[in-house]
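Next up, work.cif (mmCIF, C-alpha atoms):
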```cif
data_target
#
loop_
_atom_site.label_atom_id
_atom_site.label_comp_id
_atom_site.auth_asym_id
_atom_site.auth_seq_id
_atom_site.Cartn_x
_atom_site.Cartn_y
_atom_site.Cartn_z
CA MET A 1 -19.17 24.04 6.19
CA SER A 2 -16.30 22.43 8.12
CA VAL A 3 -16.81 19.81 10.81
CA ARG A 4 -15.96 22.36 13.48
CA GLU A 5 -18.46 24.84 12.06
CA GLU A 6 -21.14 22.14 12.04
CA HIS A 7 -20.44 21.44 15.70
CA ARG A 8 -20.58 25.14 16.54
CA ALA A 9 -23.95 25.50 14.85
CA ALA A 10 -25.32 22.46 16.67
CA LEU A 11 -24.04 23.66 20.03
CA ARG A 12 -25.47 27.14 19.55
CA ALA A 13 -28.86 25.58 18.87
CA LEU A 14 -28.64 23.81 22.25
CA ASP A 15 -27.50 26.87 24.25
CA ASP A 16 -30.64 26.92 26.39
CA ASP A 17 -30.33 23.26 27.37
CA PRO A 18 -27.07 22.45 29.20
CA ALA A 19 -28.09 18.81 29.64
CA ALA A 20 -28.51 18.49 25.87
CA VAL A 21 -25.08 20.05 25.32
CA ARG A 22 -23.53 17.54 27.70
CA ALA A 23 -25.28 14.69 25.90
CA TYR A 24 -24.14 16.00 22.50
CA LEU A 25 -20.52 16.24 23.66
CA THR A 26 -20.52 12.82 25.27
CA ALA A 27 -22.11 11.07 22.29
CA ARG A 28 -19.50 12.50 19.90
CA SER A 29 -16.45 12.49 22.18
CA GLY A 30 -14.67 9.63 20.45
CA LEU A 31 -14.15 8.01 23.85
CA PRO A 32 -13.55 5.37 24.84
CA GLY A 33 -11.12 5.14 22.00
CA PRO A 34 -7.59 6.09 21.01
CA ARG A 35 -8.35 9.69 20.10
CA ALA A 36 -10.72 12.21 21.59
CA ASN A 37 -12.74 14.46 19.28
CA LEU A 38 -10.59 17.60 19.32
CA GLU A 39 -12.67 19.42 16.71
CA LEU A 40 -15.68 19.16 19.00
CA ILE A 41 -13.66 20.39 21.98
CA GLY A 42 -12.55 23.40 19.95
CA ALA A 43 -16.10 24.11 18.78
CA PHE A 44 -17.41 24.01 22.35
CA ALA A 45 -14.65 26.35 23.49
CA ASP A 46 -15.54 28.74 20.67
CA VAL A 47 -19.21 29.21 21.49
CA ALA A 48 -20.21 27.83 24.91
CA PRO A 49 -21.69 30.24 27.48
CA ALA A 50 -19.30 31.17 30.27
CA GLY A 51 -21.40 29.47 32.94
CA LEU A 52 -21.37 26.16 31.12
CA VAL A 53 -17.63 26.41 30.44
CA LEU A 54 -16.97 26.86 34.15
CA ALA A 55 -19.35 24.05 35.05
CA LEU A 56 -17.71 21.59 32.66
CA ALA A 57 -14.21 22.62 33.75
CA ASP A 58 -15.18 21.03 37.09
CA SER A 59 -16.99 18.03 35.61
CA PRO A 60 -16.07 14.56 36.91
CA ASP A 61 -16.29 13.31 33.30
CA GLU A 62 -12.86 13.48 31.64
CA TYR A 63 -14.01 14.56 28.18
CA LEU A 64 -16.42 17.19 29.49
CA ARG A 65 -13.66 18.49 31.76
CA CYS A 66 -11.40 18.79 28.70
CA CYS A 67 -14.08 20.80 26.91
CA GLY A 68 -14.48 23.17 29.84
CA THR A 69 -10.73 23.48 30.33
CA VAL A 70 -10.09 24.54 26.74
CA GLY A 71 -13.04 26.91 27.02
CA LEU A 72 -11.31 28.59 29.97
CA GLY A 73 -8.76 29.87 27.49
CA ARG A 74 -11.46 31.86 25.70
CA LEU A 75 -12.86 33.16 28.99
CA VAL A 76 -9.44 34.40 30.06
CA VAL A 77 -9.22 36.36 26.81
CA ASP A 78 -12.79 37.66 27.04
CA VAL A 79 -12.68 38.71 30.69
CA PRO A 80 -9.28 38.30 32.36
CA ALA A 81 -9.79 37.06 35.91
CA ARG A 82 -7.38 35.53 38.41
CA ALA A 83 -9.91 32.85 39.35
CA ARG A 84 -9.95 31.56 35.78
CA THR A 85 -6.17 31.33 35.40
CA ASP A 86 -5.99 29.76 38.86
CA LEU A 87 -8.44 27.07 37.73
CA LEU A 88 -6.31 26.43 34.65
CA ARG A 89 -3.30 25.98 36.93
CA VAL A 90 -5.23 23.44 39.01
CA ARG A 91 -6.16 21.52 35.87
CA ALA A 92 -2.51 21.57 34.76
CA ALA A 93 -1.56 19.51 37.80
CA GLU A 94 -4.27 16.86 37.69
CA GLY A 95 -3.89 13.19 36.94
CA SER A 96 -5.59 13.01 33.53
CA TRP A 97 -3.14 13.47 30.67
CA ARG A 98 -6.03 14.46 28.40
CA VAL A 99 -6.96 17.31 30.70
CA ARG A 100 -3.33 18.39 30.93
CA GLU A 101 -3.24 18.56 27.13
CA ALA A 102 -6.44 20.59 27.26
CA VAL A 103 -4.62 23.09 29.48
CA ALA A 104 -1.91 23.46 26.82
CA MET A 105 -4.64 24.04 24.21
CA ALA A 106 -6.23 26.68 26.45
CA LEU A 107 -2.89 28.45 26.87
CA GLN A 108 -2.35 28.42 23.12
CA ARG A 109 -5.81 29.90 22.60
CA ILE A 110 -4.78 32.68 24.98
CA GLY A 111 -1.53 33.10 23.08
CA ASP A 112 -3.35 33.48 19.75
CA ALA A 113 -5.37 36.42 21.07
CA GLU A 114 -3.22 37.87 23.88
CA PRO A 115 0.45 36.90 23.49
CA ALA A 116 1.51 39.06 26.44
CA THR A 117 -0.90 37.21 28.74
CA LEU A 118 0.50 33.85 27.64
CA ARG A 119 4.05 35.06 28.20
CA SER A 120 3.14 36.25 31.69
CA LEU A 121 1.46 32.95 32.57
CA ALA A 122 4.35 30.88 31.21
CA ALA A 123 6.90 32.92 33.16
CA SER A 124 4.89 32.48 36.35
CA TRP A 125 4.04 28.80 35.89
CA VAL A 126 7.55 27.69 34.99
CA ASP A 127 8.62 28.69 38.51
CA ASP A 128 5.80 26.72 40.15
CA GLN A 129 6.74 24.07 42.69
CA ASP A 130 4.60 21.48 40.90
CA PRO A 131 6.46 19.99 37.90
CA MET A 132 3.14 19.39 36.14
CA VAL A 133 2.48 23.13 36.15
CA ARG A 134 5.98 23.74 34.81
CA ARG A 135 5.22 21.19 32.11
CA ALA A 136 2.06 23.08 31.14
CA ALA A 137 4.07 26.28 30.81
CA VAL A 138 6.51 24.83 28.27
CA ALA A 139 3.90 22.73 26.43
CA GLY A 140 1.62 25.75 26.14
CA ILE A 141 4.10 28.29 24.85
CA CYS A 142 6.14 25.96 22.63
CA GLU A 143 3.69 25.98 19.74
CA PRO A 144 5.14 26.94 16.33
CA ARG A 145 2.34 29.31 15.30
CA LEU A 146 2.85 31.37 18.46
CA LEU A 147 6.58 31.79 18.01
CA ARG A 148 6.33 34.04 14.97
CA THR A 149 6.31 36.90 17.50
CA PRO A 150 9.97 37.45 18.52
CA THR A 151 9.07 38.28 22.13
CA THR A 152 7.09 35.05 22.49
CA ALA A 153 9.91 33.06 20.85
CA THR A 154 12.29 34.42 23.47
CA ALA A 155 9.80 33.60 26.22
CA ALA A 156 9.60 30.00 24.96
CA LEU A 157 13.38 29.65 25.14
CA ASP A 158 13.34 31.17 28.63
CA ALA A 159 10.63 28.72 29.75
CA CYS A 160 12.55 25.72 28.38
CA ALA A 161 15.75 26.88 30.05
CA ALA A 162 14.07 27.46 33.41
CA ALA A 163 12.24 24.12 33.31
CA THR A 164 15.44 22.26 32.38
CA ALA A 165 17.33 23.99 35.18
CA SER A 166 14.59 22.95 37.61
CA ILE A 167 15.22 19.29 36.77
CA HIS A 168 18.99 19.73 36.96
CA ALA A 169 18.60 21.16 40.48
CA LEU A 170 16.75 18.09 41.78
CA PRO A 171 18.41 15.21 43.62
CA SER A 172 18.30 11.90 41.77
CA ASP A 173 15.59 10.35 43.98
CA ALA A 174 13.21 13.27 43.34
CA ARG A 175 13.49 12.78 39.60
CA ARG A 176 11.48 9.58 39.75
CA ASP A 177 8.38 11.63 40.54
CA PRO A 178 5.78 11.16 37.75
CA GLY A 179 5.41 14.91 37.37
CA VAL A 180 9.13 15.35 36.85
CA ARG A 181 9.11 12.55 34.29
CA ALA A 182 6.23 14.25 32.47
CA LEU A 183 8.15 17.54 32.48
CA ARG A 184 11.24 15.83 31.11
CA GLN A 185 9.13 14.20 28.39
CA ALA A 186 7.76 17.59 27.33
CA LEU A 187 11.22 19.13 27.26
CA GLY A 188 12.25 16.25 24.99
CA TYR A 189 10.44 18.02 22.14
CA CYS A 190 9.74 21.56 23.35
CA TRP A 191 13.37 22.66 23.03
CA SER A 192 13.31 21.83 19.31
CA VAL A 193 10.17 23.94 18.83
CA ALA A 194 11.61 26.87 20.78
CA VAL A 195 14.94 26.76 18.96
CA ALA A 196 13.20 26.64 15.57
CA GLY A 197 11.21 29.71 16.63
CA ASP A 198 14.39 31.75 17.12
CA PRO A 199 17.40 29.88 15.69
CA ALA A 200 19.83 32.77 16.15
CA ALA A 201 19.43 32.76 19.93
CA GLY A 202 18.10 29.24 20.33
CA LEU A 203 20.99 27.30 18.82
CA ALA A 204 23.44 28.94 21.22
CA ARG A 205 21.25 28.23 24.22
CA PHE A 206 20.71 24.63 23.16
CA ALA A 207 24.43 24.17 22.50
CA ALA A 208 25.10 25.08 26.13
CA LEU A 209 23.16 21.97 27.16
CA ARG A 210 24.91 19.56 24.82
CA GLY A 211 27.96 19.06 27.01
CA SER A 212 26.01 18.44 30.22
CA ASP A 213 26.88 15.36 32.26
CA ASP A 214 23.45 15.43 33.90
CA PRO A 215 21.69 12.26 32.66
CA ASP A 216 18.26 13.89 32.37
CA VAL A 217 19.59 16.95 30.58
CA ALA A 218 21.55 14.67 28.25
CA TRP A 219 18.35 12.71 27.54
CA ILE A 220 16.51 15.95 26.73
CA VAL A 221 19.29 16.92 24.32
CA ARG A 222 19.27 13.53 22.57
CA GLU A 223 15.48 13.52 22.17
CA ASN A 224 15.46 16.98 20.62
CA GLU A 225 18.30 16.12 18.29
CA LYS A 226 16.05 13.43 16.80
CA LYS A 227 13.47 16.03 15.76
CA THR A 228 13.58 16.97 12.08
CA ARG A 229 13.00 20.66 12.78
CA LEU A 230 16.15 20.79 14.90
CA ARG A 231 18.26 18.48 12.74
CA ARG A 232 17.75 20.88 9.84
CA LEU A 233 19.23 23.68 11.93
CA LEU A 234 22.07 21.66 13.44
CA ASP A 235 23.07 20.07 10.11
CA PRO A 236 21.94 22.38 7.30
CA PRO A 237 22.22 20.87 3.80
CA ASP A 238 25.30 21.73 1.82
CA VAL A 239 24.78 24.46 -0.74
CA PRO A 240 26.56 23.52 -3.96
CA SER A 241 29.13 26.08 -5.06
CA ARG A 242 28.76 27.67 -8.46
#
```
Can the structure in the file be given as structure tokens, please?
Amino acid sequence: MSVREEHRAALRALDDDPAAVRAYLTARSGLPGPRANLELIGAFADVAPAGLVLALADSPDEYLRCCGTVGLGRLVVDVPARARTDLLRVRAAEGSWRVREAVAMALQRIGDAEPATLRSLAASWVDDQDPMVRRAAVAGICEPRLLRTPTTATAALDACAAATASIHALPSDARRDPGVRALRQALGYCWSVAVAGDPAAGLARFAALRGSDDPDVAWIVRENEKKTRLRRLLDPPDVPSR
């Protein structure tokens, strides 16, 4: 039995006692510490009752809020509801970087089960006025396992392009906003993931950015060019002639 399966079994045994579930999660969170217990978060999201997922998604405790936020991804798949995706959007814009990462995990859970729903959310969120929500859109959809579907690979490229254009359109003073900086940081690796998902279209779209004189766009290009997955595509190894 894997660690995640062990956690699932333990959590199922505590289903009738929400306080015990909270205590179990807190005791095994890995916090305070450098790395939260992601296996436990995933196990909770797999099996927790909907009511407890929604309760923890609003918890003042950061780790419990992460658990509930990732669980929202399963609830959106099980019973699509605007209120649930709206709550995910709220979590995408909050101050905790751990919770923002939990939103990306929730979106990826949606993408595993319902790729069209993820594409729709990414297309909507990448046009949001809040740069943190735009960041969630690109971080959520730019996941290698999701880009095996050509339509999702195209959607990832579209999201990266729209998010990059949103930074390019900002005046220089607005770019110091922490949300904009977080979006730029995400684009510093998401482009490489999106291009690797569809190299035929992606390389051309990325090449269009490489001559930009916009300092933030140029930074995004440089950061992605450092990524091995993109370097392999930009500079393929020589094939010896026979």
- Picked residues, the PyMOL selection byres ((chain A and resi 214-219) around 8), expected as a PyMOL selection string: chain A and resi 164+167-168+184+188+209-213+220-223
Output the selection as a compact mmCIF listing (two decimals), in the frame of the given file - C-alpha atoms for each residue.
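Generated file (again-v4.txt):
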```
# COMPACT_ATOMS: atom_id res chain seq x y z
CA THR A 164 15.44 22.26 32.38
CA ILE A 167 15.22 19.29 36.77
CA HIS A 168 18.99 19.73 36.96
CA ARG A 184 11.24 15.83 31.11
CA GLY A 188 12.25 16.25 24.99
CA LEU A 209 23.16 21.97 27.16
CA ARG A 210 24.91 19.56 24.82
CA GLY A 211 27.96 19.06 27.01
CA SER A 212 26.01 18.44 30.22
CA ASP A 213 26.88 15.36 32.26
CA ILE A 220 16.51 15.95 26.73
CA VAL A 221 19.29 16.92 24.32
CA ARG A 222 19.27 13.53 22.57
CA GLU A 223 15.48 13.52 22.17
```
- Message: Using only C-alpha atoms for the distances, tell me which of A:Pro144, A:Pro115, A:Pro178, A:Pro171 is nearest to Val195 in chain A.
- Response: A:Pro144
- Among the residues A:Ala13, A:Ala102, A:Ile141, A:Leu230, the one that comes closest to Ile41 in chain A [using only C-alpha atoms]: A:Ala102
- Any idea what the distance is between CA of Pro60 in chain A and CA of Arg28 in chain A?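 Computing the Euclidean distance for CA of Pro60 in chain A and CA of Arg28 in chain A yields 17.5 Å.
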- Extract, using only C-alpha atoms, all DNA, RNA and protein residues at most 8 Å from Leu52 in chain A, discarding same-chain residues fewer than 3 positions from it, and format them as a PyMOL selection string. chain A and resi 18+48-49+55-56+68
Give as a compact mmCIF listing (two decimals) with C-alpha atoms, in the frame of the given file each residue that has an atom at most 10 Å from (7.0, 31.6, 32.3) in the file, counting only C-alpha atoms.
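part.txt, freshly written:
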```
# COMPACT_ATOMS: atom_id res chain seq x y z
CA LEU A 118 0.50 33.85 27.64
CA ARG A 119 4.05 35.06 28.20
CA SER A 120 3.14 36.25 31.69
CA LEU A 121 1.46 32.95 32.57
CA ALA A 122 4.35 30.88 31.21
CA ALA A 123 6.90 32.92 33.16
CA SER A 124 4.89 32.48 36.35
CA TRP A 125 4.04 28.80 35.89
CA VAL A 126 7.55 27.69 34.99
CA ASP A 127 8.62 28.69 38.51
CA ASP A 128 5.80 26.72 40.15
CA ARG A 134 5.98 23.74 34.81
CA ALA A 136 2.06 23.08 31.14
CA ALA A 137 4.07 26.28 30.81
CA VAL A 138 6.51 24.83 28.27
CA ILE A 141 4.10 28.29 24.85
CA ALA A 155 9.80 33.60 26.22
CA ALA A 156 9.60 30.00 24.96
CA LEU A 157 13.38 29.65 25.14
CA ASP A 158 13.34 31.17 28.63
CA ALA A 159 10.63 28.72 29.75
CA CYS A 160 12.55 25.72 28.38
CA ALA A 162 14.07 27.46 33.41
CA ALA A 163 12.24 24.12 33.31
```
- Message: Between A:Pro80, A:Tyr63, A:Ile110, A:Val3, which residue has the minimum interatomic distance to Ala43 in chain A, considering all atoms listed in the file?
- Response: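 Distance minimum relative to Ala43 in chain A lands on A:Val3.
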- Query: Do you know which residues the PyMOL selection byres ((chain A and resi 206) around 9) returns on this file, as a list of chain:residue names?
  - Reply: A:Ala161, A:Trp191, A:Ser192, A:Val195, A:Ala201, A:Gly202, A:Leu203, A:Ala204, A:Arg205, A:Ala207, A:Ala208, A:Leu209, A:Arg210, A:Val221
- Exactly which residues make up the result of the PyMOL selection byres ((chain A and resi 197) around 8) on this file, given as a PyMOL selection string? chain A and resi 144+147-148+153+193-196+198-199+202
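When CA of Ala116 in chain A is paired with CA of Val180 in chain A, their separation reads 27.0 Å.
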- Between CA of Gly95 in chain A and CA of Asp177 in chain A, what is the spacing in Å?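 Distance reported for this atom pair: 12.9 Å.
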Enclose range 92-106 of chain A, meaning all of its atoms listed in the file, in a box aligned along x, y and z, pad it by 4 Å on each side, and list the centre and edge lengths in Å to one decimal, as lines of an AutoDock Vina configuration file.
```
center_x = -4.3
center_y = 19.8
center_z = 31.0
size_x = 13.4
size_y = 21.7
size_z = 21.6
```
- Residue contacts of Arg109 in chain A (6 Å, only C-alpha atoms) excluding same-chain residues fewer than 3 positions away, as number ranges by chain: A: 73, 106, 112
- At a cut-off of 9 Å from (-18.5, 21.0, 14.9) in the coordinates of the file, what residues are picked up using only C-alpha atoms, written as number ranges by chain? A: 2-11, 39-44
- Can you pull out every residue within 6 Å of Ala104 in chain A, counting all atoms listed in the file, but drop anything in the same chain fewer than 3 positions away, and send it as a list of chain:residue names?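 Near neighbours after the sequence-gap exclusion: A:Glu101, A:Leu107, A:Ala136, A:Ala139, A:Gly140.
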- Item | Proximity to Glu62 in chain A - best of A:Val90, A:Val47, A:Val99, A:Ala27, all atoms listed in the file |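 Among the listed residues, the smallest separation from Glu62 in chain A belongs to A:Val99.
Closest approach to Leu72 in chain A among A:Ala23, A:Ala200, A:Ala186, A:Leu54 is made by A:Leu54 (distances from all atoms listed in the file).
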